[in-house]
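What follows is a single structure, written as structure tokens, with notes after it.
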Amino acid sequence: MDITRDRIDQLNDLKEIKVEKRDGSMSSFYSYKIDFVLHKLTTDIQTINEVEETLYGELSGTAEVKTSEIAEMIVNILDGLNQDVLAQDYVTFYQKEVQSFKNATNAEARLQKLFDKNSSVVHENANKDSRVFNTQRDLEAGAVSRAIGLKMLPKVVAQAHLRGDIHWHDLDYSPVTPETNCCLIDFDEMLTNGFKIGNAWVSSPKSIQTATAQMSQIIANVASLQYGGCSANRVDQLLAPYAQLNYDKHMADAEKWITADKREAFAKEKTIKDIYDAMQALEYEINTLYSSQGQTPFTTVNFGLGTSWIEREIQKAILKVRIKGLGKEHRTAIFPKLVYTVKRGLNLDVTDPNYDVKQLALECSTKRMYPDLLMYDKIVELTGSFKTPMGCRSFLQGWKDDNGVEVNSGRMNLGVVTVNLPRVAIEAKGNKDLFWDIFEEKMDICHQALEYRIERTKEAEPENAPLLYMYGTFGKRLKSTDNVDDVFKNGRATVSLGYIGIYETCTLFYGDGWEQNAEARAFAESVVKHMYEHCKDWAAESGYHYSLYSTPAESLTDTFAQADLKKFGKIENVTDKEYYTNSFHYDVRKHPSPFEKLSFEEVFPKYASGGFIHYCEYPSLQNNPKALEAVWDWAYDHVGYLGTNTSIDQCFECGFTGDFKPTAKGFVCPQCGNHDPKTCDVVKRTCGYLGNPQQRPMVHGRHVEISSREKHMNGEMIKNAAVHERAKQSDAQRMAGERA
């Protein structure tokens, strides 16, 4: 540690000083910022040391100081050291920051980036096709909204966002409009009691086909009234009463025309066909919809807990429709995201009544990657009750209303702000104490940002989004004069602190390969735990539920990495990769077994229960679903939410199925070189959900991250896992026979 590092430690003694920033906000004194700027401007360590030592003396005993006064002190000290050029460079450095903020809040400049087809703007969201007019219009409006939104935010938050210290998500929508993020739609309430969209009142459906048609209408409108994803919880149980109406109708017809011994079989057969048609229609309707944001509505459908014959048929229809694929080429559907619930005693083991549906889910995952899995008992343990995520990975905590009734559907998230953890570690330069000082500063900024998110969202009026607030989406039917806070307060809604780059953060302190280091793993856990504790404290102070969210970072994996690459240069295994790792995930370039990967990751969701997912990478598993089942079964008691990433790319020119080869410009068929999206289907997991990078290209960092992923199960492991699984199933069948 050099003398400058000692000086930083000395300056840290002054952190009790309150600093008034240029916008009037107050913060503690953080000396590392001064040290960083001086090191940026000169390599003369002696001069840096003299400046900091003199500044320390001048500030000693001070209770409060202005930012402008500190800057003036530094310039005067440099002048006194005959460092006139360095003094001017220091002034220029901050003038550039001021100009940078002006540029970022210039709507015309932001629009020009869009018109110039800047890839970071055009491909920010892999779910948006920037070639079509409605998406282009949304991007244009978003460019202006970002400029205005930055001016609306507290200046300390806006500047931290622009520097890349934190990220205010969805700046193209919020705070300009007080929209909410993602939600669990209360379909049961809406389908039961009816709802209004536009000029039409929609009554309760009388068949499952009408019910799914209404669901698609609701999804399209909800997606246009918020900026995040929406989910349908327990859809098999939700739709069963409407399929029962179909069955009752068919039985009534059968009583007129069919002999008594064949009536039930007739009604069942007709109902099963109705169920399949309804679920196929829902799949096609969602994939042909565009929301007002110019994108396919981000929709998640959860199922698997139903036990009646109708509920089982709905489950099987969802899976069969997905396995079949879309259109004449049978392409993999990107939406809705399918999430299948596994529950011990219901469908986990071979003797369970719904085990056959699990086998269909396995087939579907090997061919289409979905469904992802929710492990019932672990989700209850982690989040306090069972429910599906809202969109990608955002979870609500268990919550009961004033009558003690558990409520999940009809609740929502108010937004996310993510902290750039790798930057905190870079700026700490190996000093753990300094890391925690910088960390606390960033937590304070995130808290200010999230407080503002809550207050801004509360400014909405029910009539701004009538379907959400007045017609049941959010579980209550408010009057136009009611306060929208009625569906937010007392922990009913969540607001989320996000994080990225645990891998890079620990690499900076412990080096690559730290995953095998017990001390490093304890440090990684402590970082996530500290954020969780902040969320608990903020919630206790405010009455709003702050949750810790393991950010999926679709474009942020690129944005933060590129900002830090520009600011700090290439750092091995950190910025030189050109992407940051999602939240707590294992380094994608390594290939632990699925069990090793999940064992490493399972400690984090107990703190970050506001949002998480695990996934494993596999080669093609279509001929060996039992190997995948071995991982699923082991994971049941270890993780709550598990995705399957496997090789399902298709070339319609040569017939190849497997992994397309990544190139700088996209993915190509390894057999014939085809890369035309019209004649191939390339499907990759973007973050928590799937994307088609040939049809809708991703930002550079995300493309590199996907291209860098190693498999977590090779051929030999697949073989061994399958043997183990067959032995287990054989034992289970033998035991069942003995019991019989």
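Just so we're on the same page: first chain in the structure tokens is A, next is B, and so on; residues restart at 1 for each chain, and ligands are numbered from 1 in the order they show up.
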Phe595 of chain A surroundings by only C-alpha atoms, 8 Å radius, close-in-sequence under 5 positions cut, as a PyMOL selection string: chain A and resi 631+634-635
Picked from segment 484-659 of chain A by DSSP as helix (DSSP H, G or I), as a ChimeraX atom specification: /A:484-487,502-510,514-516,518-542,556-568,594-601,625-635
Using only C-alpha atoms, which residues sit within 6 Å of segment 467-476 of chain A once same-chain residues fewer than 2 positions away are excluded, as a tab-separated table (two decimals) with N, CA, C and O atoms, in the first residue's frame?
```tsv
chain	number	residue	atom	x	y	z
A	185	ILE	N	-51.29	-10.01	-12.38
A	185	ILE	CA	-52.66	-9.58	-12.69
A	185	ILE	C	-53.66	-10.44	-11.91
A	185	ILE	O	-53.53	-11.67	-11.85
A	186	ASP	N	-54.66	-9.80	-11.35
A	186	ASP	CA	-55.71	-10.53	-10.65
A	186	ASP	C	-56.76	-10.98	-11.68
A	186	ASP	O	-57.88	-10.45	-11.74
A	190	MET	N	-61.02	-10.31	-12.23
A	190	MET	CA	-61.48	-9.65	-13.45
A	190	MET	C	-62.41	-10.55	-14.27
A	190	MET	O	-63.44	-10.10	-14.77
A	195	PHE	N	-64.96	-6.48	-16.55
A	195	PHE	CA	-64.05	-5.33	-16.57
A	195	PHE	C	-64.37	-4.47	-17.79
A	195	PHE	O	-65.11	-4.89	-18.70
A	410	GLY	N	-52.80	-9.37	-8.04
A	410	GLY	CA	-53.26	-7.99	-7.84
A	410	GLY	C	-52.23	-7.10	-7.20
A	410	GLY	O	-52.51	-5.94	-6.90
A	411	ARG	N	-51.02	-7.62	-7.02
A	411	ARG	CA	-49.95	-6.81	-6.42
A	411	ARG	C	-48.89	-6.51	-7.47
A	411	ARG	O	-48.88	-7.10	-8.56
A	462	PRO	N	-56.23	7.15	-10.49
A	462	PRO	CA	-56.85	5.93	-11.02
A	462	PRO	C	-57.24	6.03	-12.50
A	462	PRO	O	-57.12	5.06	-13.24
A	465	ALA	N	-54.80	4.97	-15.47
A	465	ALA	CA	-54.70	3.56	-15.88
A	465	ALA	C	-55.92	2.83	-15.34
A	465	ALA	O	-55.82	2.05	-14.39
A	478	LEU	N	-60.69	0.87	-7.38
A	478	LEU	CA	-60.71	2.22	-6.82
A	478	LEU	C	-61.66	3.12	-7.59
A	478	LEU	O	-61.91	2.91	-8.78
```
All residues 12 Å or closer to Leu348 of chain A, only C-alpha atoms, same chain fewer than 2 positions away omitted, as number ranges by chain: A: 304-305, 340-346, 350-359, 361-362, 373-377, 629-630, 632-637, 729, 732
Close residues, His169 of chain A itself excluded, 6 Å, only C-alpha atoms, min 2 positions apart in chain, as a count of residues only: 4
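The space between atom CA of Ile34 of chain A and atom CA of Tyr94 of chain A spans 11.6 Å.
Between atom CA of Leu319 of chain A and atom CA of Leu360 of chain A the separation is 6.8 Å.
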Strand (DSSP E) call set, DSSP backbone run, segment 322-419 of chain A, as an MDAnalysis selection string: chainID A and resid 337:342 372:375 413:419
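Among A:Leu59, A:Ala561, A:Ala141, A:Cys672, the residue with the shortest atom-to-atom distance to Glu705 of chain A, counting only C-alpha atoms, is A:Ala561.
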